[in-house]
Amino acid sequence: MKTKVCVIQDSPIFFDKSKTLEKTEKLTAKYAKEGCDLIIFPESFIPGYPRGFSFGAKVGYRTEEGRKLYQDYYDNSFDIQGDELTKLEKLSKKNNIYIIIGVTEKEDHSGSLYCSMLYISPDNGLLGVHRKIKPTGIERLVWSEGSGDTLVTYNTKIGKLGGLICWENYMPLARMSMYSKGVEIYIAPTADARKEWTSTMIHIALEGRCYVIGSNQYFTKSMYPEKYQHLVSDEPENICDGGSIIVSPLGKVIEGPLFGSNGALIAVLDMNEIIPSKLDFDVIGHYSRDDIFKLKVIDQPNIMNEPSD
C-alpha cells in the first residue's frame with residue numbers, strides 16, 4: 001500500500017480563527033487535487049502559535065493587558081463542539097483526504113486551553129484528539145496538560161496514524177507509548193525551528209521504524225497584526241523559520257527539511273517498507289526486553305480501528 005502525504009509549512013491568519021479556516025480550506029483543496037491522501041498542518045495552526053508573547057506574566061505578577069490577550073486567544077481557539085469542526089469534517093469528506101491539524105482547543109464549560117492535534121477522516125469525521133501532555137516552558141501558562149487517554153493511535157485505510165506534539169517527542173516514555181501501538185505514520189507538528197530538530201525526527205524514525213512527518217509554521221514578525229506588534233518588538237523578523245521534514249523508517253530524509261519559506265512537502269510513502277526495516281531492530285519486538293522493562297501508560301486507549309465504510 002502507498003500513501004501520498006502533504007506536509008504544510010505555512011502561516012495562519014494570526015488569532016483569526018475564521019480566516020485561518022478559510023486558508024485551511026484553500027490549502028486542503030489545492031493538495032487534494034494533486035492526489036494526496038493525507039494533509040498535515042503545524043502545531044496550533046488554528047489560531048496560531050503565540051511565539052514571543054508573555055501574556056503579561058511574571059512570577060507573582062499578572063497584568064490586565066495579559067488577561068485581555070488571553071481572552072483574545074480563547075475567543076479564537078478551536079471548539080470541537082462547534083461549527084469549526086463541522087467545517088473541517090465536511091472539508092475532509094468533500095476532498096476525500098485525511099486531515100491532521102494542530103489547534104489550540106477550548107472547552108465550552110471551562111476557561112482552559114489545550115495544545116491539540118485533531119485526526120479527521122473523510123469517511124468518519126473526527127477520529128479523535130491528542131492533547132499535549134506537557135506544554136513547554138511558558139506554554140504552561142496558557143495550555144493545560146492532556147491526559148493519557150489522548151495518547152491515541154488509529155488504524156486507518158492509509159496506515160496506522162499516531163504521534164506527539166513538539167517537545168513531547170523528547171519524552172522517551174511518550175514515544176514508547178506510540179511505538180507500543182505499532183504506529184506507522186508518526187506525526188510531529190511543532191514550533192521548533194532549530195536545525196537540531198531535524199536530528200530528532202531522524203532519530204524517531206530509526207527508533208520507531210516508522211515514517212516520521214514533522215510540520216512547522218513559517219512565520220515572520222511582520223505577519224503579526226498591528227495590535228500585537230509591540231509585544232514582539234525585540235524578536236527577529238524571521239520568528240519561526242520552519243524545518244518541516246519527511247523521514248523514512250530507516251532514517252533517510254525523503255523531503256526537506258524546508259527552511260526559510262512557506263511551502264509544502266509531498267511524498268509517497270510505501271507502507272511495505274516498514275516491516276523490512278525491522279529486520280535488525282524492532283523496538284517493540286525482538287529488540288525489546290520485556291523480561292527487564294515494563295511500560296505502563298495510564299488510561300492510554302488501544303489502537304482505534306477506523307470504522308469501515
# chains A, B, ... in the order shown; residues from 1 in each chain; ligands from 1

call {"tool": "residues_around", "arguments": {"residues": "stretch 96-101 of chain A", "least_positions_apart": "4", "cutoff": "8 Å", "atoms": "only C-alpha atoms", "output": "list in words"}}
result
Ala32, Cys36, Asp37, Leu38, Ile39, Ile40, Phe41, Pro42, Glu43, Ser44, Phe45, Ser92, Met117, Leu118, Tyr119, Ile120, Ser121, Pro122 and Asp123 of chain A

call {"tool": "select_by_dssp", "arguments": {"residues": "stretch 41-93 of chain A", "states": "strand (DSSP E or B)", "output": "number ranges by chain"}}
result
A: 46, 57-58, 61-62, 78-79

call {"tool": "closest_residue", "arguments": {"among": "A:Thr104, A:Ser248, A:Thr3, A:Ser18", "to": "A:Leu206", "atoms": "only C-alpha atoms"}}
result
A:Ser248

call {"tool": "residues_around", "arguments": {"residues": "A:Glu207", "least_positions_apart": "3", "cutoff": "7 Å", "atoms": "only C-alpha atoms", "output": "PyMOL selection string"}}
result
chain A and resi 203-204+283

call {"tool": "closest_residue", "arguments": {"among": "A:Gln71, A:Asn305, A:Ser199, A:Gln300", "to": "A:Leu127", "atoms": "only C-alpha atoms"}}
result
A:Asn305

call {"tool": "residues_around", "arguments": {"residues": "A:Gly148", "least_positions_apart": "4", "cutoff": "8 Å", "atoms": "only C-alpha atoms", "output": "PyMOL selection string"}}
result
chain A and resi 133+297-300

call {"tool": "closest_residue", "arguments": {"among": "A:Gly52, A:Pro12, A:Gly214, A:Pro135", "to": "A:Pro236", "atoms": "only C-alpha atoms"}}
result
A:Gly52

call {"tool": "residues_around", "arguments": {"residues": "A:Gln9", "least_positions_apart": "6", "cutoff": "7 Å", "atoms": "only C-alpha atoms", "output": "JSON, numbers by chain"}}
result
{"A": [215, 216, 217, 218, 242, 244, 262, 263, 264]}

call {"tool": "write_last_selection", "arguments": {"atoms": "C-alpha atoms", "output": "tab-separated table (two decimals), in the first residue's frame"}}
result
chain	number	residue	atom	x	y	z
A	215	SER	CA	5.31	20.03	10.25
A	216	ASN	CA	6.15	23.56	11.36
A	217	GLN	CA	4.93	27.06	10.59
A	218	TYR	CA	6.95	29.58	8.66
A	242	GLY	CA	10.17	26.23	9.53
A	244	SER	CA	9.27	20.65	8.04
A	262	ASN	CA	6.20	28.89	3.10
A	263	GLY	CA	5.59	25.74	1.13
A	264	ALA	CA	4.56	22.13	1.17

call {"tool": "residues_around", "arguments": {"residues": "A:Lys181", "least_positions_apart": "2", "cutoff": "9 Å", "atoms": "only C-alpha atoms", "output": "list in words"}}
result
Val152, Thr153, Lys160, Gly162, Met176, Ser177, Met178, Tyr179, Val183, Ile284, Asn302 and Ile303 of chain A

call {"tool": "write_last_selection", "arguments": {"atoms": "N, CA and C atoms", "output": "PDB file, in the first residue's frame"}}
result
ATOM      1  N   VAL A 152      -3.310   8.765  21.526  1.00  0.00           N
ATOM      2  CA  VAL A 152      -4.135   7.946  20.655  1.00  0.00           C
ATOM      3  C   VAL A 152      -3.401   7.524  19.386  1.00  0.00           C
ATOM      4  N   THR A 153      -3.802   6.367  18.854  1.00  0.00           N
ATOM      5  CA  THR A 153      -3.365   5.876  17.545  1.00  0.00           C
ATOM      6  C   THR A 153      -4.581   5.317  16.828  1.00  0.00           C
ATOM      7  N   LYS A 160      -1.459   3.101  10.066  1.00  0.00           N
ATOM      8  CA  LYS A 160      -1.677   3.362  11.493  1.00  0.00           C
ATOM      9  C   LYS A 160      -1.102   4.730  11.827  1.00  0.00           C
ATOM     10  N   GLY A 162      -0.466   8.086  14.322  1.00  0.00           N
ATOM     11  CA  GLY A 162      -0.264   8.497  15.711  1.00  0.00           C
ATOM     12  C   GLY A 162       0.788   9.588  15.741  1.00  0.00           C
ATOM     13  N   MET A 176       7.542   5.765  23.414  1.00  0.00           N
ATOM     14  CA  MET A 176       7.279   4.325  23.524  1.00  0.00           C
ATOM     15  C   MET A 176       5.787   4.027  23.540  1.00  0.00           C
ATOM     16  N   SER A 177       4.994   4.962  24.078  1.00  0.00           N
ATOM     17  CA  SER A 177       3.550   4.740  24.084  1.00  0.00           C
ATOM     18  C   SER A 177       3.002   4.708  22.661  1.00  0.00           C
ATOM     19  N   MET A 178       3.656   5.440  21.750  1.00  0.00           N
ATOM     20  CA  MET A 178       3.258   5.397  20.339  1.00  0.00           C
ATOM     21  C   MET A 178       3.777   4.127  19.667  1.00  0.00           C
ATOM     22  N   TYR A 179       5.035   3.812  19.899  1.00  0.00           N
ATOM     23  CA  TYR A 179       5.619   2.609  19.286  1.00  0.00           C
ATOM     24  C   TYR A 179       4.861   1.360  19.704  1.00  0.00           C
ATOM     25  N   VAL A 183       2.586   2.265  15.596  1.00  0.00           N
ATOM     26  CA  VAL A 183       2.387   3.416  14.717  1.00  0.00           C
ATOM     27  C   VAL A 183       3.236   3.280  13.451  1.00  0.00           C
ATOM     28  N   ILE A 284       9.582  -2.773  19.685  1.00  0.00           N
ATOM     29  CA  ILE A 284       8.540  -3.437  20.471  1.00  0.00           C
ATOM     30  C   ILE A 284       8.512  -4.939  20.197  1.00  0.00           C
ATOM     31  N   ASN A 302      -6.402   1.497  23.476  1.00  0.00           N
ATOM     32  CA  ASN A 302      -5.857   0.610  22.469  1.00  0.00           C
ATOM     33  C   ASN A 302      -5.937   1.306  21.109  1.00  0.00           C
ATOM     34  N   ILE A 303      -5.255   0.734  20.109  1.00  0.00           N
ATOM     35  CA  ILE A 303      -5.392   1.272  18.751  1.00  0.00           C
ATOM     36  C   ILE A 303      -6.883   1.302  18.409  1.00  0.00           C
TER      37      ILE A 303
END

call {"tool": "select_by_dssp", "arguments": {"residues": "stretch 100-196 of chain A", "states": "alpha helix (DSSP H)", "output": "number ranges by chain"}}
result
A: 139-142, 172-179, 196

call {"tool": "atom_distance", "arguments": {"atom1": "atom CA of A:Ile213", "atom2": "atom CA of A:Pro47"}}
result
21.3 Å

call {"tool": "residues_around", "arguments": {"residues": "A:Pro301", "least_positions_apart": "4", "cutoff": "8 Å", "atoms": "only C-alpha atoms", "output": "list in words"}}
result
Asp149, Thr150, Leu151 and Val152 of chain A

call {"tool": "write_last_selection", "arguments": {"atoms": "N, CA and C atoms", "output": "PDB file, in the first residue's frame"}}
result
ATOM      1  N   ASP A 149      -5.411   9.412  28.185  1.00  0.00           N
ATOM      2  CA  ASP A 149      -6.447   8.924  27.282  1.00  0.00           C
ATOM      3  C   ASP A 149      -6.418   9.623  25.928  1.00  0.00           C
ATOM      4  N   THR A 150      -5.559  10.654  25.765  1.00  0.00           N
ATOM      5  CA  THR A 150      -5.412  11.278  24.449  1.00  0.00           C
ATOM      6  C   THR A 150      -4.108  10.862  23.756  1.00  0.00           C
ATOM      7  N   LEU A 151      -3.419   9.900  24.317  1.00  0.00           N
ATOM      8  CA  LEU A 151      -2.254   9.309  23.627  1.00  0.00           C
ATOM      9  C   LEU A 151      -2.794   8.272  22.647  1.00  0.00           C
ATOM     10  N   VAL A 152      -3.310   8.765  21.526  1.00  0.00           N
ATOM     11  CA  VAL A 152      -4.135   7.946  20.655  1.00  0.00           C
ATOM     12  C   VAL A 152      -3.401   7.524  19.386  1.00  0.00           C
TER      13      VAL A 152
END

call {"tool": "atom_distance", "arguments": {"atom1": "atom CA of A:Ala191", "atom2": "atom CA of A:Arg51"}}
result
8.6 Å

call {"tool": "closest_residue", "arguments": {"among": "A:Leu173, A:Leu141, A:Leu21, A:Val247", "to": "A:Lys296", "atoms": "only C-alpha atoms"}}
result
A:Leu173

call {"tool": "decode", "arguments": {"residues": "stretch 60-181 of chain A", "atoms": "C-alpha atoms", "output": "PDB file, in the first residue's frame"}}
result
ATOM      1  CA  GLY A  60       3.762  36.525  41.390  1.00  0.00           C
ATOM      2  CA  TYR A  61       2.536  39.174  38.924  1.00  0.00           C
ATOM      3  CA  ARG A  62       0.000  39.447  36.084  1.00  0.00           C
ATOM      4  CA  THR A  63      -1.228  42.406  34.042  1.00  0.00           C
ATOM      5  CA  GLU A  64      -4.664  43.391  32.825  1.00  0.00           C
ATOM      6  CA  GLU A  65      -3.288  43.600  29.277  1.00  0.00           C
ATOM      7  CA  GLY A  66      -2.132  39.989  29.559  1.00  0.00           C
ATOM      8  CA  ARG A  67      -5.558  38.861  30.688  1.00  0.00           C
ATOM      9  CA  LYS A  68      -7.175  40.626  27.722  1.00  0.00           C
ATOM     10  CA  LEU A  69      -4.679  38.960  25.384  1.00  0.00           C
ATOM     11  CA  TYR A  70      -5.620  35.581  26.834  1.00  0.00           C
ATOM     12  CA  GLN A  71      -9.266  36.440  26.162  1.00  0.00           C
ATOM     13  CA  ASP A  72      -8.386  37.115  22.501  1.00  0.00           C
ATOM     14  CA  TYR A  73      -6.598  33.774  22.325  1.00  0.00           C
ATOM     15  CA  TYR A  74      -9.503  31.970  23.971  1.00  0.00           C
ATOM     16  CA  ASP A  75     -12.104  33.579  21.713  1.00  0.00           C
ATOM     17  CA  ASN A  76     -10.240  32.438  18.578  1.00  0.00           C
ATOM     18  CA  SER A  77      -9.403  28.965  19.833  1.00  0.00           C
ATOM     19  CA  PHE A  78     -10.972  25.790  18.451  1.00  0.00           C
ATOM     20  CA  ASP A  79     -14.136  24.309  19.932  1.00  0.00           C
ATOM     21  CA  ILE A  80     -14.601  20.694  18.861  1.00  0.00           C
ATOM     22  CA  GLN A  81     -18.264  21.017  19.809  1.00  0.00           C
ATOM     23  CA  GLY A  82     -18.629  23.994  17.469  1.00  0.00           C
ATOM     24  CA  ASP A  83     -19.185  24.770  13.814  1.00  0.00           C
ATOM     25  CA  GLU A  84     -15.449  24.864  13.062  1.00  0.00           C
ATOM     26  CA  LEU A  85     -15.152  21.099  13.470  1.00  0.00           C
ATOM     27  CA  THR A  86     -18.127  20.567  11.174  1.00  0.00           C
ATOM     28  CA  LYS A  87     -16.366  22.684   8.540  1.00  0.00           C
ATOM     29  CA  LEU A  88     -13.208  20.574   8.748  1.00  0.00           C
ATOM     30  CA  GLU A  89     -15.160  17.313   8.612  1.00  0.00           C
ATOM     31  CA  LYS A  90     -17.019  18.496   5.503  1.00  0.00           C
ATOM     32  CA  LEU A  91     -13.727  19.680   4.004  1.00  0.00           C
ATOM     33  CA  SER A  92     -12.158  16.267   4.590  1.00  0.00           C
ATOM     34  CA  LYS A  93     -15.131  14.434   3.084  1.00  0.00           C
ATOM     35  CA  LYS A  94     -15.509  16.751   0.093  1.00  0.00           C
ATOM     36  CA  ASN A  95     -11.855  16.393  -0.867  1.00  0.00           C
ATOM     37  CA  ASN A  96     -11.546  12.730   0.183  1.00  0.00           C
ATOM     38  CA  ILE A  97      -8.457  13.454   2.265  1.00  0.00           C
ATOM     39  CA  TYR A  98      -7.417  12.791   5.851  1.00  0.00           C
ATOM     40  CA  ILE A  99      -6.622  15.975   7.786  1.00  0.00           C
ATOM     41  CA  ILE A 100      -4.338  16.170  10.808  1.00  0.00           C
ATOM     42  CA  ILE A 101      -4.163  19.679  12.171  1.00  0.00           C
ATOM     43  CA  GLY A 102      -2.726  21.410  15.223  1.00  0.00           C
ATOM     44  CA  VAL A 103      -5.147  23.654  17.099  1.00  0.00           C
ATOM     45  CA  THR A 104      -5.407  25.456  20.374  1.00  0.00           C
ATOM     46  CA  GLU A 105      -8.538  23.817  21.752  1.00  0.00           C
ATOM     47  CA  LYS A 106     -11.020  25.231  24.245  1.00  0.00           C
ATOM     48  CA  GLU A 107     -13.725  23.557  26.259  1.00  0.00           C
ATOM     49  CA  ASP A 108     -17.053  25.329  26.430  1.00  0.00           C
ATOM     50  CA  HIS A 109     -17.501  24.552  30.128  1.00  0.00           C
ATOM     51  CA  SER A 110     -14.135  25.909  31.274  1.00  0.00           C
ATOM     52  CA  GLY A 111     -11.662  28.681  30.636  1.00  0.00           C
ATOM     53  CA  SER A 112      -8.712  26.379  29.982  1.00  0.00           C
ATOM     54  CA  LEU A 113      -6.956  25.758  26.674  1.00  0.00           C
ATOM     55  CA  TYR A 114      -5.055  22.772  25.268  1.00  0.00           C
ATOM     56  CA  CYS A 115      -2.476  22.370  22.538  1.00  0.00           C
ATOM     57  CA  SER A 116      -4.186  19.674  20.492  1.00  0.00           C
ATOM     58  CA  MET A 117      -3.843  17.600  17.339  1.00  0.00           C
ATOM     59  CA  LEU A 118      -7.065  16.608  15.538  1.00  0.00           C
ATOM     60  CA  TYR A 119      -7.370  13.457  13.405  1.00  0.00           C
ATOM     61  CA  ILE A 120     -10.117  13.797  10.792  1.00  0.00           C
ATOM     62  CA  SER A 121     -11.216  11.080   8.356  1.00  0.00           C
ATOM     63  CA  PRO A 122     -13.033  11.679   5.052  1.00  0.00           C
ATOM     64  CA  ASP A 123     -15.309   8.737   5.830  1.00  0.00           C
ATOM     65  CA  ASN A 124     -15.865   9.037   9.567  1.00  0.00           C
ATOM     66  CA  GLY A 125     -15.187  12.645  10.538  1.00  0.00           C
ATOM     67  CA  LEU A 126     -13.303  13.324  13.761  1.00  0.00           C
ATOM     68  CA  LEU A 127     -11.467  10.158  14.792  1.00  0.00           C
ATOM     69  CA  GLY A 128     -10.143  11.778  17.945  1.00  0.00           C
ATOM     70  CA  VAL A 129      -7.906  14.322  19.620  1.00  0.00           C
ATOM     71  CA  HIS A 130      -4.451  14.246  21.160  1.00  0.00           C
ATOM     72  CA  ARG A 131      -3.739  16.933  23.752  1.00  0.00           C
ATOM     73  CA  LYS A 132      -0.113  17.803  24.528  1.00  0.00           C
ATOM     74  CA  ILE A 133       0.671  16.151  27.845  1.00  0.00           C
ATOM     75  CA  LYS A 134       3.425  18.589  28.856  1.00  0.00           C
ATOM     76  CA  PRO A 135       3.453  22.143  27.498  1.00  0.00           C
ATOM     77  CA  THR A 136       6.982  23.538  27.368  1.00  0.00           C
ATOM     78  CA  GLY A 137       8.219  26.472  29.447  1.00  0.00           C
ATOM     79  CA  ILE A 138       5.910  29.481  29.362  1.00  0.00           C
ATOM     80  CA  GLU A 139       3.430  27.469  27.259  1.00  0.00           C
ATOM     81  CA  ARG A 140       2.279  26.077  30.611  1.00  0.00           C
ATOM     82  CA  LEU A 141       0.778  29.467  31.407  1.00  0.00           C
ATOM     83  CA  VAL A 142      -1.774  29.237  28.575  1.00  0.00           C
ATOM     84  CA  TRP A 143      -2.064  25.497  27.855  1.00  0.00           C
ATOM     85  CA  SER A 144      -3.322  22.849  30.255  1.00  0.00           C
ATOM     86  CA  GLU A 145      -1.885  19.321  30.305  1.00  0.00           C
ATOM     87  CA  GLY A 146      -3.554  16.497  28.405  1.00  0.00           C
ATOM     88  CA  SER A 147      -4.161  13.052  29.899  1.00  0.00           C
ATOM     89  CA  GLY A 148      -3.111   9.552  28.941  1.00  0.00           C
ATOM     90  CA  ASP A 149      -6.447   8.924  27.282  1.00  0.00           C
ATOM     91  CA  THR A 150      -5.412  11.278  24.449  1.00  0.00           C
ATOM     92  CA  LEU A 151      -2.254   9.309  23.627  1.00  0.00           C
ATOM     93  CA  VAL A 152      -4.135   7.946  20.655  1.00  0.00           C
ATOM     94  CA  THR A 153      -3.365   5.876  17.545  1.00  0.00           C
ATOM     95  CA  TYR A 154      -5.700   4.984  14.695  1.00  0.00           C
ATOM     96  CA  ASN A 155      -5.727   2.045  12.315  1.00  0.00           C
ATOM     97  CA  THR A 156      -6.984   3.577   9.068  1.00  0.00           C
ATOM     98  CA  LYS A 157      -7.050   2.553   5.426  1.00  0.00           C
ATOM     99  CA  ILE A 158      -3.946   4.705   4.790  1.00  0.00           C
ATOM    100  CA  GLY A 159      -1.933   3.274   7.702  1.00  0.00           C
ATOM    101  CA  LYS A 160      -1.677   3.362  11.493  1.00  0.00           C
ATOM    102  CA  LEU A 161      -1.618   7.027  12.488  1.00  0.00           C
ATOM    103  CA  GLY A 162      -0.264   8.497  15.711  1.00  0.00           C
ATOM    104  CA  GLY A 163       2.229  10.988  17.027  1.00  0.00           C
ATOM    105  CA  LEU A 164       3.215  13.622  19.551  1.00  0.00           C
ATOM    106  CA  ILE A 165       3.368  17.415  19.584  1.00  0.00           C
ATOM    107  CA  CYS A 166       6.663  19.342  19.642  1.00  0.00           C
ATOM    108  CA  TRP A 167       8.791  18.630  22.736  1.00  0.00           C
ATOM    109  CA  GLU A 168       6.611  15.721  23.816  1.00  0.00           C
ATOM    110  CA  ASN A 169       8.866  13.997  21.305  1.00  0.00           C
ATOM    111  CA  TYR A 170      11.760  14.386  23.767  1.00  0.00           C
ATOM    112  CA  MET A 171       9.828  12.287  26.333  1.00  0.00           C
ATOM    113  CA  PRO A 172      11.111   8.696  25.841  1.00  0.00           C
ATOM    114  CA  LEU A 173       8.123   7.033  27.502  1.00  0.00           C
ATOM    115  CA  ALA A 174       5.689   9.107  25.449  1.00  0.00           C
ATOM    116  CA  ARG A 175       7.439   7.914  22.295  1.00  0.00           C
ATOM    117  CA  MET A 176       7.279   4.325  23.524  1.00  0.00           C
ATOM    118  CA  SER A 177       3.550   4.740  24.084  1.00  0.00           C
ATOM    119  CA  MET A 178       3.258   5.397  20.339  1.00  0.00           C
ATOM    120  CA  TYR A 179       5.619   2.609  19.286  1.00  0.00           C
ATOM    121  CA  SER A 180       3.798   0.111  21.500  1.00  0.00           C
ATOM    122  CA  LYS A 181       0.691   0.637  19.381  1.00  0.00           C
TER     123      LYS A 181
END
